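Undergrad: The following file, data13.txt, comprises compact mmCIF, C-alpha atoms:
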# COMPACT_ATOMS: atom_id res chain seq x y z
CA ASP A 105 0.17 106.80 233.45
CA ASN A 106 -0.76 110.24 234.72
CA VAL A 107 -3.53 110.96 237.21
CA SER A 108 -6.10 112.30 234.72
CA ASP A 109 -5.50 109.35 232.37
CA SER A 110 -6.27 106.87 235.12
CA ARG A 111 -9.24 108.95 236.34
CA ILE A 112 -10.99 109.06 232.95
CA ASN A 113 -10.19 105.40 232.30
CA LYS A 114 -11.82 104.51 235.64
CA ILE A 115 -14.89 106.56 234.73
CA ILE A 116 -15.18 104.90 231.31
CA SER A 117 -14.60 101.44 232.79
CA SER A 118 -17.22 102.09 235.48
CA ARG A 119 -19.80 103.37 232.98
CA ASN A 120 -19.24 100.29 230.82
CA LYS A 121 -19.62 97.98 233.85
CA VAL A 122 -22.93 99.66 234.70
CA ARG A 123 -23.95 99.34 231.03
CA GLU A 124 -23.12 95.60 231.01
CA TYR A 125 -25.10 94.99 234.22
CA PHE A 126 -28.01 97.00 232.80
CA LEU A 127 -28.05 94.98 229.55
CA GLU A 128 -27.89 91.64 231.42
CA HIS A 129 -31.13 92.53 233.22
CA ASP A 130 -34.58 93.49 232.01
CA TYR A 131 -34.45 97.28 232.26
CA ASP A 132 -35.85 99.83 229.81
CA TYR A 133 -33.90 102.93 230.91
CA LEU A 134 -30.63 103.73 232.65
CA PHE A 135 -30.45 106.89 234.75
CA PHE A 136 -26.98 108.31 235.31
CA LEU A 137 -26.73 110.79 238.18
CA ASP A 138 -23.32 112.07 239.23
CA THR A 139 -22.61 112.33 242.96
CA ASP A 140 -22.24 116.14 242.74
CA ILE A 141 -25.57 116.73 240.97
CA ILE A 142 -28.74 117.47 242.95
CA THR A 143 -31.97 117.10 240.98
CA PRO A 144 -35.51 118.32 241.57
CA SER A 145 -37.66 115.56 243.12
CA ASP A 146 -39.61 114.95 239.89
CA ALA A 147 -36.53 114.73 237.64
CA LEU A 148 -37.15 111.20 236.35
CA ASN A 149 -40.77 111.90 235.40
CA LYS A 150 -39.78 115.12 233.66
CA LEU A 151 -36.97 113.38 231.73
CA MET A 152 -39.46 110.72 230.59
CA GLU A 153 -41.66 113.55 229.25
CA ALA A 154 -38.88 114.47 226.80
CA LYS A 155 -39.69 111.26 224.87
CA ALA A 156 -36.10 110.98 223.67
CA ASP A 157 -33.52 108.23 223.33
CA ILE A 158 -31.23 110.32 225.55
CA ALA A 159 -32.85 112.84 227.90
CA SER A 160 -30.79 115.27 229.96
CA GLY A 161 -31.47 117.59 232.81
CA VAL A 162 -29.66 120.93 233.00
CA TYR A 163 -26.65 121.72 235.16
CA LEU A 164 -23.80 124.14 234.87
CA GLY A 165 -20.15 123.24 234.49
CA ARG A 166 -16.81 124.89 233.84
CA VAL A 167 -15.84 124.65 230.18
CA GLU A 168 -12.65 125.94 228.61
CA MET A 169 -13.20 127.94 225.42
CA ASN A 170 -10.41 129.87 223.70
CA GLY A 171 -8.18 129.51 226.74
CA GLU A 172 -10.76 130.90 229.21
CA PHE A 173 -13.07 129.06 231.58
CA HIS A 174 -16.81 129.75 231.33
CA VAL A 175 -19.61 128.47 233.55
CA ILE A 176 -22.31 127.28 231.15
CA PRO A 177 -24.98 124.57 230.84
CA ILE A 178 -23.41 121.24 229.82
CA LEU A 179 -25.60 121.03 226.72
CA TYR A 180 -24.78 121.52 223.06
CA LYS A 181 -27.15 121.96 220.14
CA ALA A 182 -26.62 121.55 216.42
CA HIS A 183 -25.01 124.46 214.61
CA SER A 184 -25.71 125.20 210.95
CA ASN A 185 -22.24 124.04 209.84
CA GLY A 186 -22.57 120.61 211.43
CA HIS A 187 -20.65 121.58 214.55
CA ALA A 188 -21.95 121.77 218.09
CA GLN A 189 -22.90 125.07 219.65
CA THR A 190 -23.13 125.71 223.38
CA VAL A 191 -26.57 126.28 224.85
CA SER A 192 -26.72 129.57 226.75
CA LYS A 193 -27.91 130.05 230.31
CA ASN A 194 -30.74 132.24 228.99
CA GLU A 195 -31.98 129.39 226.76
CA VAL A 196 -32.29 126.98 229.69
CA MET A 197 -34.01 129.46 232.01
CA GLN A 198 -37.23 129.02 230.01
CA ASP A 199 -38.92 125.69 230.77
CA LYS A 200 -39.05 123.65 227.57
CA ILE A 201 -37.96 120.44 225.90
CA MET A 202 -35.20 121.26 223.45
CA ASP A 203 -33.26 119.35 220.81
CA ILE A 204 -29.60 118.84 221.65
CA ILE A 205 -26.78 116.76 220.23
CA ILE A 206 -24.47 116.53 223.25
CA CYS A 207 -25.07 116.52 226.99
CA GLY A 208 -23.11 115.69 230.07
CA LEU A 209 -24.03 112.38 231.68
CA GLY A 210 -24.42 113.95 235.13
CA CYS A 211 -28.23 113.81 234.97
CA CYS A 212 -29.11 111.69 231.99
CA LEU A 213 -31.79 109.10 231.16
CA ILE A 214 -30.83 106.67 228.39
CA LYS A 215 -33.07 104.15 226.60
CA LYS A 216 -32.01 100.51 226.41
CA GLU A 217 -31.73 100.61 222.61
CA VAL A 218 -28.99 103.26 222.81
CA LEU A 219 -26.99 101.21 225.30
CA GLN A 220 -27.38 98.09 223.17
CA ALA A 221 -25.78 99.96 220.27
CA ILE A 222 -23.07 102.03 221.97
CA THR A 223 -20.33 101.58 224.56
CA PHE A 224 -18.54 104.30 226.50
CA ARG A 225 -15.12 105.34 225.21
CA ASN A 226 -12.59 108.16 225.26
CA PHE A 227 -13.28 111.19 223.11
CA SER A 228 -10.37 111.47 220.66
CA ASP A 229 -7.15 111.92 222.61
CA SER A 230 -8.68 113.60 225.66
CA ASN A 231 -7.43 112.35 229.00
CA THR A 232 -9.58 114.66 231.12
CA GLY A 233 -13.06 113.54 230.12
CA GLY A 234 -15.26 113.58 227.11
CA GLU A 235 -16.75 110.09 227.38
CA ASP A 236 -20.11 111.90 227.43
CA VAL A 237 -19.28 113.74 224.20
CA ALA A 238 -18.13 110.52 222.50
CA PHE A 239 -21.26 108.68 223.68
CA CYS A 240 -23.63 111.39 222.42
CA LEU A 241 -21.87 111.74 219.06
CA ASP A 242 -21.86 107.95 218.58
CA ALA A 243 -25.60 107.94 219.39
CA LYS A 244 -26.29 110.76 216.93
CA ARG A 245 -24.39 108.91 214.18
CA LYS A 246 -26.65 105.89 214.77
CA GLY A 247 -29.79 108.04 214.51
CA PHE A 248 -30.71 108.34 218.19
CA ILE A 249 -32.39 111.53 219.39
CA ALA A 250 -31.18 113.57 222.37
CA LYS A 251 -33.25 116.21 224.14
CA ALA A 252 -32.97 118.27 227.30
CA ASN A 253 -35.88 119.10 229.54
CA THR A 254 -34.97 122.46 231.00
CA VAL A 255 -37.58 122.02 233.75
CA VAL A 256 -35.02 119.64 235.29
CA LYS A 257 -32.72 122.35 236.63
CA CYS A 258 -30.05 120.69 238.77
CA ASP A 259 -27.55 122.01 241.25
CA HIS A 260 -23.95 121.10 240.37
CA VAL A 261 -22.36 121.28 243.80
CA GLY A 262 -19.62 123.91 243.81
CA LYS A 263 -20.30 125.08 240.23
CA ASN A 264 -23.44 127.20 240.38
CA GLU A 265 -22.69 130.08 242.70
CA VAL A 266 -21.14 132.12 239.89
CA LEU A 267 -24.44 132.55 238.04
CA GLY A 268 -26.91 131.96 240.84
CA PHE A 269 -28.48 129.04 238.95
CA LYS A 270 -30.48 126.95 241.39
CA PRO A 271 -32.87 124.03 241.00
CA GLN A 272 -36.57 124.69 241.54
Please lay out the structure from this file as structure tokens.
TA:
Amino acid sequence: DNVSDSRINKIISSRNKVREYFLEHDYDYLFFLDTDIITPSDALNKLMEAKADIASGVYLGRVEMNGEFHVIPILYKAHSNGHAQTVSKNEVMQDKIMDIIICGLGCCLIKKEVLQAITFRNFSDSNTGGEDVAFCLDAKRKGFIAKANTVVKCDHVGKNEVLGFKPQ
């Protein structure tokens, strides 16, 4: 069992424990906020305004594409061929509510109905992460709607200096 295998399994196990606790109690929404994400003070209200089954704030992360790392928003929108397309930094600089199909769970508000239908799991054979991708794709397959409110610009501690992206 290598380190990243155990790390992602702990994350998935923890998310599922939170999900189980949530479903055992009378809550309408679950708000995931990673320890390295700093939100604007009105983040929850602004995520509610998205009126989505899954509502995400915006934060940057390091993503590997074609063997190179890029610092981009952790949001993906539908592409014409059925694949996901990254959302650019320019797209999130304008304040709007936008349709997405995948988001990170670092600043994410999820309706009860989604959590009743879906558990957290590994994404394919990844041992470094991807439980957020798997969750969002499972939700999309079941007809749930995901949106991002780009007003909710978050600081991802240690990840934002490259582009100077700061919360309001």
Undergrad: For A:Leu164, which residue among A:Ile204, A:Leu213, A:Ala252, A:Ile178 is the nearest when counting only C-alpha atoms?
TA: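 Among the listed residues, A:Ile178 lies closest to A:Leu164.
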Undergrad: Atom CA of A:Ile205 and atom CA of A:Arg225, how far apart in Å?
TA: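 Interatomic distance, atom CA of A:Arg225 to atom CA of A:Ile205: 17.1 Å.
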Undergrad: Atom CA of A:Leu137 and atom CA of A:Met197 are how many Å apart?
TA: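 Taking atom CA of A:Leu137 as the start and atom CA of A:Met197 as the end point, the length is 21.0 Å.
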Undergrad: Taking all atoms listed in the file into account, name the residue in A:Phe248, A:Phe173, A:Phe136, A:Phe126 that is nearest to A:Ile158.
TA: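 Counting all atoms listed in the file, the residue closest to A:Ile158 is A:Phe248.
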Undergrad: Write out as JSON an axis-aligned box for stretch 159-174 of chain A: all of its atoms listed in the file, 5 Å added on each side, centre and edge lengths in Å with one decimal.
TA:
{"center_x": -20.5, "center_y": 121.9, "center_z": 229.4, "size_x": 34.7, "size_y": 28.1, "size_z": 21.5}
Undergrad: With distances taken over only C-alpha atoms, which of A:Ile206, A:Cys211, A:Ile141, A:Ile222 is nearest to A:His187?
TA: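 Closest to A:His187 of all the choices is A:Ile206.
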Undergrad: At a cut-off of 9 Å, using all atoms listed in the file, what residues contact A:Ile142? Leave out same-chain residues fewer than 5 positions from it and give the result as a list in words.
TA: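 Here the qualifying residues turn out to be Leu137, Cys211, Lys257, Cys258, Asp259, His260, Val261 and Pro271 of chain A.
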Undergrad: Nearest residue to A:Val237 out of A:Asn253, A:Leu148, A:Tyr180, A:Lys193, using all atoms listed in the file?
TA: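 Result for the nearest residue to A:Val237: A:Tyr180.
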Undergrad: So how many Å separate atom CA of A:Leu219 and atom CA of A:Val167, to one decimal?
TA: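 So the answer is 26.4 Å.
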Undergrad: Of the residues A:Gly234, A:Gly208, A:Gly262, A:Gly247, which is the one nearest to A:Ala159, using only C-alpha atoms?
TA: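 Of A:Gly234, A:Gly208, A:Gly262, A:Gly247, the one nearest A:Ala159 is A:Gly208, counting only C-alpha atoms.
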Undergrad: Residues within 10 Å of A:Cys207, please, as a list in words. Count only C-alpha atoms; anything in the same chain fewer than 5 positions from it doesn't count.
TA: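 Listing them by chain and then by number gives Ile158, Ala159, Ser160, Gly161, Val162, Tyr163, Pro177, Ile178, Leu179, Tyr180, Lys181, Cys212, Asp236, Val237, Phe239, Cys240, Leu241, Ala250, Lys251 and Ala252 of chain A.
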Undergrad: Please work out which residues fall within 6 Å of (-32.0, 102.3, 232.4), coordinates as given in the file, with all atoms listed in the file counting, and return them as an NGL selection string.
TA: :A and (131-135)
Undergrad: For A:Asn149, which of A:Val255, A:Val218, A:Ala188, A:Asn113 is the closest residue, counting only C-alpha atoms?
TA: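 Smallest distance to A:Asn149 is found for A:Val255.
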Undergrad: For a cutoff of 12 Å around the file-coordinate point (-24.4, 97.7, 233.8), which residues qualify once you count all atoms listed in the file? I'd like the result as a list in words.
TA: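 The requested residues, written out, are Ile116, Ser117, Ser118, Arg119, Asn120, Lys121, Val122, Arg123, Glu124, Tyr125, Phe126, Leu127, Glu128, His129, Asp130, Tyr131, Tyr133, Leu134, Phe135, Phe136, Lys216, Leu219, Gln220, Thr223 and Phe224 of chain A.
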